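Notes for the one structure printed next.
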Amino acid sequence: MTKETDRDAGASATPPSAQAAPAAPAAPALDPVAELARLRSSIDNIDAALVHMLAERFRCTQAVGKLKAEHAMPASDPGREKDQIARLRELAASANLDPEFAEKWFNFVVSEVIRHHRQIADAGSENADGESD
C-alpha cells in the first residue's frame, strides 16, 4: 500500500469512540421479597430519624413557648409562619417533594406548637395566680 492508500483507508475506518462498547454483564435478577425488605428497612430508619428530629424540634419550640410566656408574647406569629411556609415550599420543590404536602405538614406541626405554647402560657398564668404548681 502507498501512503495515499493508507490515509484513505484510515479515513473510512470507524473511529474508536464510535465503535460499540462491549456488552455489560447482565444484572442479576433481584429477589423481590429481599428488595422489599431492604426498602422497608430504609424507610424504618428514615422514620426513626424523623421522630428524633421532630422530638428535637419540639424541645426547641418548648423553649420558645416558655420565652414567649415569660414575656407575654403571643403564642402565634403569623408573619414568621408565612415566611416559613414560603421557605419550606421552595425547599420541597428543590427536593422533588410536593410543596403542597410540605405546607400541610408544616401547618400540622405549627398547630401543635401553638397548642403547646398556649398550654405553657396558661400554666404560667396559673402559677402566677397561685392556683397550681
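Ligands are numbered from 1 in the order shown, chains are lettered A, B, ... in the order of the C-alpha cells, and residues start at 1 in each chain.
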> DSSP on the backbone: what in region 13-103 of chain A comes out helix (DSSP H, G or I), as a ChimeraX atom specification?
Replying inline: /A:16-18,32-70,78-94,99-103
Just to be explicit: take each residue in the selection above, keep C-alpha atoms, and write the result as a PDB file, in the first residue's frame.
```
ATOM      1  CA  PRO A  16     -12.601   4.065  18.115  1.00  0.00           C
ATOM      2  CA  SER A  17     -15.040   6.275  20.041  1.00  0.00           C
ATOM      3  CA  ALA A  18     -17.910   5.338  17.713  1.00  0.00           C
ATOM      4  CA  PRO A  32     -38.428  -9.007  45.027  1.00  0.00           C
ATOM      5  CA  VAL A  33     -39.005 -10.168  48.598  1.00  0.00           C
ATOM      6  CA  ALA A  34     -35.434  -9.319  49.594  1.00  0.00           C
ATOM      7  CA  GLU A  35     -35.626  -5.963  47.766  1.00  0.00           C
ATOM      8  CA  LEU A  36     -38.897  -5.136  49.514  1.00  0.00           C
ATOM      9  CA  ALA A  37     -37.327  -5.957  52.889  1.00  0.00           C
ATOM     10  CA  ARG A  38     -34.308  -3.767  52.063  1.00  0.00           C
ATOM     11  CA  LEU A  39     -36.503  -0.828  51.045  1.00  0.00           C
ATOM     12  CA  ARG A  40     -38.717  -1.195  54.102  1.00  0.00           C
ATOM     13  CA  SER A  41     -35.678  -1.274  56.341  1.00  0.00           C
ATOM     14  CA  SER A  42     -34.531   2.030  54.818  1.00  0.00           C
ATOM     15  CA  ILE A  43     -37.998   3.506  55.363  1.00  0.00           C
ATOM     16  CA  ASP A  44     -37.965   2.347  59.002  1.00  0.00           C
ATOM     17  CA  ASN A  45     -34.582   4.029  59.525  1.00  0.00           C
ATOM     18  CA  ILE A  46     -35.820   7.252  57.961  1.00  0.00           C
ATOM     19  CA  ASP A  47     -38.977   7.161  60.133  1.00  0.00           C
ATOM     20  CA  ALA A  48     -36.826   6.756  63.241  1.00  0.00           C
ATOM     21  CA  ALA A  49     -34.675   9.717  62.211  1.00  0.00           C
ATOM     22  CA  LEU A  50     -37.795  11.832  61.546  1.00  0.00           C
ATOM     23  CA  VAL A  51     -39.199  11.027  65.001  1.00  0.00           C
ATOM     24  CA  HIS A  52     -35.925  12.017  66.666  1.00  0.00           C
ATOM     25  CA  MET A  53     -35.712  15.217  64.621  1.00  0.00           C
ATOM     26  CA  LEU A  54     -39.320  16.107  65.471  1.00  0.00           C
ATOM     27  CA  ALA A  55     -38.591  15.489  69.152  1.00  0.00           C
ATOM     28  CA  GLU A  56     -35.624  17.867  68.950  1.00  0.00           C
ATOM     29  CA  ARG A  57     -37.743  20.428  67.098  1.00  0.00           C
ATOM     30  CA  PHE A  58     -40.388  20.275  69.820  1.00  0.00           C
ATOM     31  CA  ARG A  59     -37.724  20.656  72.527  1.00  0.00           C
ATOM     32  CA  CYS A  60     -36.699  23.889  70.812  1.00  0.00           C
ATOM     33  CA  THR A  61     -40.268  25.096  70.393  1.00  0.00           C
ATOM     34  CA  GLN A  62     -40.961  24.350  74.065  1.00  0.00           C
ATOM     35  CA  ALA A  63     -38.128  26.741  74.932  1.00  0.00           C
ATOM     36  CA  VAL A  64     -39.650  29.312  72.559  1.00  0.00           C
ATOM     37  CA  GLY A  65     -43.026  28.821  74.265  1.00  0.00           C
ATOM     38  CA  LYS A  66     -41.513  29.428  77.715  1.00  0.00           C
ATOM     39  CA  LEU A  67     -39.762  32.561  76.484  1.00  0.00           C
ATOM     40  CA  LYS A  68     -42.973  33.859  74.925  1.00  0.00           C
ATOM     41  CA  ALA A  69     -44.959  33.116  78.080  1.00  0.00           C
ATOM     42  CA  GLU A  70     -42.397  34.853  80.306  1.00  0.00           C
ATOM     43  CA  PRO A  78     -48.380  34.750  61.537  1.00  0.00           C
ATOM     44  CA  GLY A  79     -45.532  36.648  59.826  1.00  0.00           C
ATOM     45  CA  ARG A  80     -42.982  34.022  60.813  1.00  0.00           C
ATOM     46  CA  GLU A  81     -45.353  31.234  59.777  1.00  0.00           C
ATOM     47  CA  LYS A  82     -45.882  32.833  56.351  1.00  0.00           C
ATOM     48  CA  ASP A  83     -42.113  33.153  55.830  1.00  0.00           C
ATOM     49  CA  GLN A  84     -41.565  29.549  56.922  1.00  0.00           C
ATOM     50  CA  ILE A  85     -44.240  28.250  54.556  1.00  0.00           C
ATOM     51  CA  ALA A  86     -42.622  30.056  51.620  1.00  0.00           C
ATOM     52  CA  ARG A  87     -39.182  28.738  52.612  1.00  0.00           C
ATOM     53  CA  LEU A  88     -40.401  25.164  53.064  1.00  0.00           C
ATOM     54  CA  ARG A  89     -42.303  25.211  49.775  1.00  0.00           C
ATOM     55  CA  GLU A  90     -39.081  26.216  47.998  1.00  0.00           C
ATOM     56  CA  LEU A  91     -37.117  23.511  49.817  1.00  0.00           C
ATOM     57  CA  ALA A  92     -39.751  20.936  48.946  1.00  0.00           C
ATOM     58  CA  ALA A  93     -39.744  21.893  45.278  1.00  0.00           C
ATOM     59  CA  SER A  94     -35.944  21.690  45.100  1.00  0.00           C
ATOM     60  CA  PRO A  99     -44.789  21.753  48.081  1.00  0.00           C
ATOM     61  CA  GLU A 100     -48.475  21.362  48.987  1.00  0.00           C
ATOM     62  CA  PHE A 101     -47.609  18.334  51.113  1.00  0.00           C
ATOM     63  CA  ALA A 102     -44.756  20.230  52.797  1.00  0.00           C
ATOM     64  CA  GLU A 103     -47.124  23.087  53.632  1.00  0.00           C
TER      65      GLU A 103
END
```
> Of the candidates A:Ala75, A:Leu30, A:Ala23, A:Ala123, which shows the shortest atom-to-atom distance to Val110 (chain A), using only C-alpha atoms?
Replying inline: A:Ala75
